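As stored in my_file15.txt (compact mmCIF, C-alpha atoms):
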```txt
# COMPACT_ATOMS: atom_id res chain seq x y z
CA MET A 1 -28.51 -149.17 -52.09
CA ALA A 2 -30.23 -147.49 -55.01
CA ILE A 3 -28.17 -145.00 -56.97
CA GLN A 4 -30.21 -142.28 -58.64
CA THR A 5 -29.22 -140.07 -61.57
CA ILE A 6 -30.29 -136.45 -61.25
CA GLN A 7 -30.72 -133.82 -63.95
CA ASN A 8 -30.39 -130.51 -62.05
CA HIS A 9 -29.93 -128.82 -58.67
CA GLU A 10 -33.67 -128.76 -58.00
CA GLY A 11 -33.82 -132.52 -58.64
CA MET A 12 -30.85 -133.03 -56.32
CA LEU A 13 -32.52 -131.10 -53.50
CA ALA A 14 -35.71 -133.15 -53.96
CA ALA A 15 -33.70 -136.41 -53.84
CA LEU A 16 -31.74 -135.63 -50.64
CA VAL A 17 -33.03 -137.70 -47.71
CA PRO A 18 -33.17 -135.51 -44.56
CA GLU A 19 -32.45 -138.29 -42.05
CA LYS A 20 -29.55 -139.90 -43.99
CA LYS A 21 -26.10 -139.12 -45.24
CA ASN A 22 -26.31 -138.15 -48.90
CA TYR A 23 -23.55 -138.23 -51.52
CA VAL A 24 -23.67 -136.53 -54.91
CA LEU A 25 -21.03 -137.59 -57.43
CA LEU A 26 -20.31 -134.95 -60.07
CA TYR A 27 -18.57 -136.75 -62.92
CA LYS A 28 -17.95 -136.36 -66.63
CA THR A 29 -18.68 -139.19 -69.06
CA GLY A 30 -15.61 -140.21 -71.04
CA ASN A 31 -13.17 -138.80 -68.46
CA GLU A 32 -10.88 -141.56 -67.15
CA SER A 33 -10.76 -140.30 -63.56
CA SER A 34 -14.54 -139.78 -63.53
CA GLU A 35 -15.19 -143.28 -64.89
CA CYS A 36 -12.83 -144.69 -62.23
CA SER A 37 -14.67 -142.82 -59.48
CA LEU A 38 -18.09 -143.87 -60.78
CA THR A 39 -17.08 -147.56 -61.00
CA ASN A 40 -15.48 -147.62 -57.54
CA LEU A 41 -18.35 -145.69 -55.95
CA LYS A 42 -20.93 -148.09 -57.41
CA GLN A 43 -18.89 -151.08 -56.22
CA ALA A 44 -18.72 -149.65 -52.68
CA ALA A 45 -22.42 -148.73 -52.64
CA GLU A 46 -23.71 -152.19 -53.67
CA LYS A 47 -23.98 -153.59 -50.13
CA LEU A 48 -25.09 -150.55 -48.13
CA THR A 49 -28.52 -149.16 -47.21
CA ASP A 50 -27.94 -146.21 -44.88
CA VAL A 51 -26.72 -143.69 -47.42
CA ASN A 52 -28.21 -142.07 -50.48
CA VAL A 53 -26.00 -141.77 -53.60
CA LEU A 54 -26.91 -139.41 -56.45
CA LEU A 55 -25.11 -139.04 -59.77
CA ALA A 56 -24.84 -135.98 -61.98
CA ASP A 57 -22.95 -135.90 -65.30
CA VAL A 58 -21.52 -132.36 -65.56
CA SER A 59 -21.67 -132.55 -69.36
CA GLN A 60 -25.48 -132.62 -68.98
CA VAL A 61 -26.04 -130.89 -65.62
CA SER A 62 -24.59 -127.40 -65.26
CA ASP A 63 -26.21 -125.87 -62.19
CA ILE A 64 -24.92 -128.14 -59.39
CA HIS A 65 -21.17 -127.64 -59.72
CA GLU A 66 -21.69 -123.89 -60.15
CA LYS A 67 -23.84 -123.72 -57.00
CA TYR A 68 -21.17 -125.47 -54.88
CA GLN A 69 -18.20 -123.87 -56.71
CA VAL A 70 -16.83 -127.22 -57.88
CA LYS A 71 -14.18 -126.75 -60.54
CA SER A 72 -13.13 -130.35 -61.23
CA ALA A 73 -14.72 -133.70 -61.88
CA PRO A 74 -14.99 -136.17 -60.32
CA SER A 75 -16.05 -134.56 -57.06
CA LEU A 76 -18.22 -136.17 -54.41
CA LEU A 77 -20.38 -133.73 -52.46
CA VAL A 78 -21.19 -134.93 -48.94
CA PHE A 79 -24.44 -133.92 -47.24
CA GLU A 80 -25.62 -134.56 -43.67
CA GLY A 81 -29.31 -134.70 -44.48
CA VAL A 82 -29.79 -131.62 -46.65
CA LYS A 83 -26.78 -129.73 -45.23
CA TYR A 84 -23.67 -129.62 -47.45
CA VAL A 85 -20.66 -130.54 -45.27
CA ASN A 86 -17.70 -131.66 -47.39
CA ILE A 87 -16.25 -132.48 -50.80
CA VAL A 88 -14.06 -135.43 -51.81
CA LYS A 89 -12.16 -134.91 -55.05
CA GLY A 90 -10.74 -137.36 -57.56
CA CYS A 91 -11.02 -141.11 -57.96
CA ASN A 92 -10.74 -143.06 -54.74
CA ASP A 93 -10.57 -146.81 -54.30
CA PRO A 94 -13.69 -148.76 -53.22
CA ALA A 95 -12.29 -149.25 -49.70
CA TYR A 96 -12.12 -145.48 -49.25
CA TYR A 97 -15.75 -145.04 -50.34
CA ILE A 98 -16.85 -147.92 -48.10
CA SER A 99 -15.13 -146.29 -45.15
CA LEU A 100 -16.71 -142.97 -46.04
CA PHE A 101 -20.14 -144.62 -46.11
CA GLU A 102 -19.96 -146.87 -43.06
CA GLU A 103 -17.01 -145.94 -40.91
CA SER A 104 -16.23 -142.85 -38.92
CA LEU A 105 -15.29 -139.75 -40.87
CA PHE A 106 -13.98 -136.98 -38.67
CA ASN A 107 -15.01 -133.65 -40.20
CA ALA A 108 -13.11 -130.55 -39.21
CA THR A 109 -14.44 -127.40 -40.75
CA THR A 110 -12.35 -125.50 -43.28
CA LYS A 111 -12.14 -121.77 -42.69
CA GLU A 112 -13.06 -119.32 -45.45
CA GLY A 113 -10.13 -118.89 -47.86
CA GLU A 114 -8.19 -121.78 -46.30
CA ALA A 115 -6.46 -124.17 -48.71
CA PRO A 116 -8.13 -127.59 -49.01
CA GLN A 117 -6.59 -130.24 -46.80
CA LYS A 118 -4.87 -133.28 -48.26
CA ARG A 119 -6.89 -136.52 -48.19
CA VAL A 120 -6.07 -138.48 -45.02
CA THR A 121 -7.07 -142.11 -44.38
CA VAL A 122 -6.12 -143.94 -41.18
CA TYR A 123 -6.03 -147.75 -41.15
CA SER A 124 -6.53 -148.88 -37.57
CA THR A 125 -8.04 -151.39 -35.15
CA PRO A 126 -10.07 -150.63 -32.00
CA THR A 127 -7.51 -152.29 -29.67
CA CYS A 128 -4.48 -150.43 -31.05
CA SER A 129 -3.33 -147.75 -28.58
CA TRP A 130 -1.09 -146.01 -31.15
CA CYS A 131 -4.06 -145.84 -33.53
CA ASN A 132 -6.10 -144.00 -30.90
CA THR A 133 -3.15 -141.70 -30.16
CA LEU A 134 -2.81 -140.89 -33.88
CA LYS A 135 -6.54 -140.17 -34.30
CA SER A 136 -6.56 -137.97 -31.20
CA TYR A 137 -3.56 -136.09 -32.62
CA PHE A 138 -5.44 -135.44 -35.88
CA LYS A 139 -8.53 -134.26 -34.00
CA THR A 140 -6.43 -131.95 -31.81
CA HIS A 141 -4.93 -130.38 -34.94
CA ASN A 142 -8.31 -130.17 -36.74
CA ILE A 143 -7.28 -132.64 -39.48
CA ARG A 144 -10.17 -134.32 -41.36
CA PHE A 145 -9.60 -138.05 -41.76
CA THR A 146 -11.36 -141.25 -42.68
CA ASP A 147 -10.89 -144.09 -40.19
CA ILE A 148 -10.93 -147.62 -41.63
CA ASP A 149 -11.15 -150.43 -39.10
CA VAL A 150 -9.12 -153.17 -40.80
CA SER A 151 -10.31 -155.74 -38.24
CA LYS A 152 -13.79 -155.42 -39.82
CA ASN A 153 -12.88 -154.59 -43.43
CA GLN A 154 -10.88 -157.47 -44.96
CA SER A 155 -10.55 -155.90 -48.42
CA ALA A 156 -9.16 -152.69 -46.90
CA ALA A 157 -6.72 -154.74 -44.78
CA GLU A 158 -5.49 -156.59 -47.88
CA GLN A 159 -5.13 -153.36 -49.82
CA MET A 160 -3.20 -151.78 -46.92
CA VAL A 161 -0.71 -154.68 -46.87
CA ARG A 162 -0.36 -154.56 -50.69
CA ARG A 163 0.44 -150.86 -50.62
CA SER A 164 2.83 -150.77 -47.65
CA GLY A 165 4.13 -154.33 -47.39
CA GLN A 166 3.29 -154.11 -43.66
CA GLN A 167 0.49 -155.60 -41.56
CA GLY A 168 0.92 -153.42 -38.48
CA VAL A 169 -1.34 -150.49 -37.64
CA PRO A 170 -1.71 -147.60 -37.56
CA GLN A 171 -1.00 -146.79 -41.17
CA THR A 172 -1.88 -143.43 -42.66
CA ASP A 173 -2.44 -142.60 -46.33
CA ILE A 174 -1.86 -138.89 -46.96
CA ASN A 175 -2.73 -138.17 -50.60
CA GLY A 176 -1.29 -141.54 -51.62
CA GLU A 177 1.83 -141.49 -49.43
CA ILE A 178 1.79 -144.28 -46.83
CA ILE A 179 3.15 -143.73 -43.30
CA VAL A 180 3.54 -146.83 -41.13
CA GLY A 181 3.17 -146.18 -37.40
CA PHE A 182 2.82 -142.80 -35.71
CA ASP A 183 5.68 -140.93 -37.41
CA LYS A 184 4.81 -137.49 -36.03
CA ALA A 185 7.63 -135.64 -37.85
CA LYS A 186 6.61 -137.02 -41.26
CA ILE A 187 2.89 -136.44 -40.61
CA ASN A 188 3.59 -132.85 -39.53
CA ARG A 189 5.69 -132.23 -42.64
CA LEU A 190 3.10 -133.68 -45.05
CA LEU A 191 0.14 -131.88 -43.45
CA GLY A 192 1.89 -128.64 -42.49
CA ILE A 193 1.20 -129.13 -38.76
CA GLN A 194 3.17 -126.79 -36.50
CA SER A 195 3.53 -128.75 -33.28
CA ASN A 196 5.65 -128.38 -30.15
CA ASN A 197 4.32 -131.56 -28.55
```
Hey, can you dump this file as structure tokens for me?
Amino acid sequence: MAIQTIQNHEGMLAALVPEKKNYVLLYKTGNESSECSLTNLKQAAEKLTDVNVLLADVSQVSDIHEKYQVKSAPSLLVFEGVKYVNIVKGCNDPAYYISLFEESLFNATTKEGEAPQKRVTVYSTPTCSWCNTLKSYFKTHNIRFTDIDVSKNQSAAEQMVRRSGQQGVPQTDINGEIIVGFDKAKINRLLGIQSNN
């Protein structure tokens, strides 16, 4: 996949591909978290062709982050064609970006004035019934999550085991805290879900 550097909002709009997913990384040269995000994003993007990745250094480009009210770098703007749909903040590991690019990302809309949701990544396999139960639970409660199929993504599977010490799925990463299995009470506490069921 080609990664293109853009100089302004007009250039970004011209570079968005209507029939593809588009990602715009707003980063700041010399910032450790931005450099981490840029490196990991490039590593994830090397093998893929279905998405369009654009880069904008906020020390040189000032009109994009203002237009989308982005107050921190790095931030990855997500577009479905030319429609802005989401933002991913901070440095994420390559496996997260790969899953964002090629796996299923469930997008629940955030209401006006609502606090941003914590980052949620589910490590699962297609044949795991508890994985499907967990994902259905998130969808029911309007929780955005990235689903990584560890049966197809060996590097993500290895990373999951390194982080948790466990091979079983589902595993959920909520802003860096790992939950093994479908621990509803812990998930509810971390995500602020009020649930009677």
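Between atom CA of Val58 of chain A and atom CA of Tyr27 of chain A lies a distance of 5.9 Å.
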message = Using only C-alpha atoms, list the residues that have an atom at most 8 Å from (-12.1, -133.4, -60.9), coordinates as in the file, as a PyMOL selection string.
response = chain A and resi 27+33-34+71-75+89-90
key: Residue contacts of Asp63 of chain A (10 Å, all atoms listed in the file) excluding same-chain residues fewer than 6 positions away, as number ranges by chain   = A: 7-10, 69
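If all atoms listed in the file are the atoms counted, then among A:Asn22, A:Ser62, A:Asn40, A:Asn132 the closest residue to Asp147 of chain A is A:Asn132.
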key: Spatial neighbours of Asn86 of chain A, max dist 8 Å, only C-alpha atoms, sep filter under 2 positions, as an NGL selection string   = :A and (77-79 or 84 or 88 or 107)
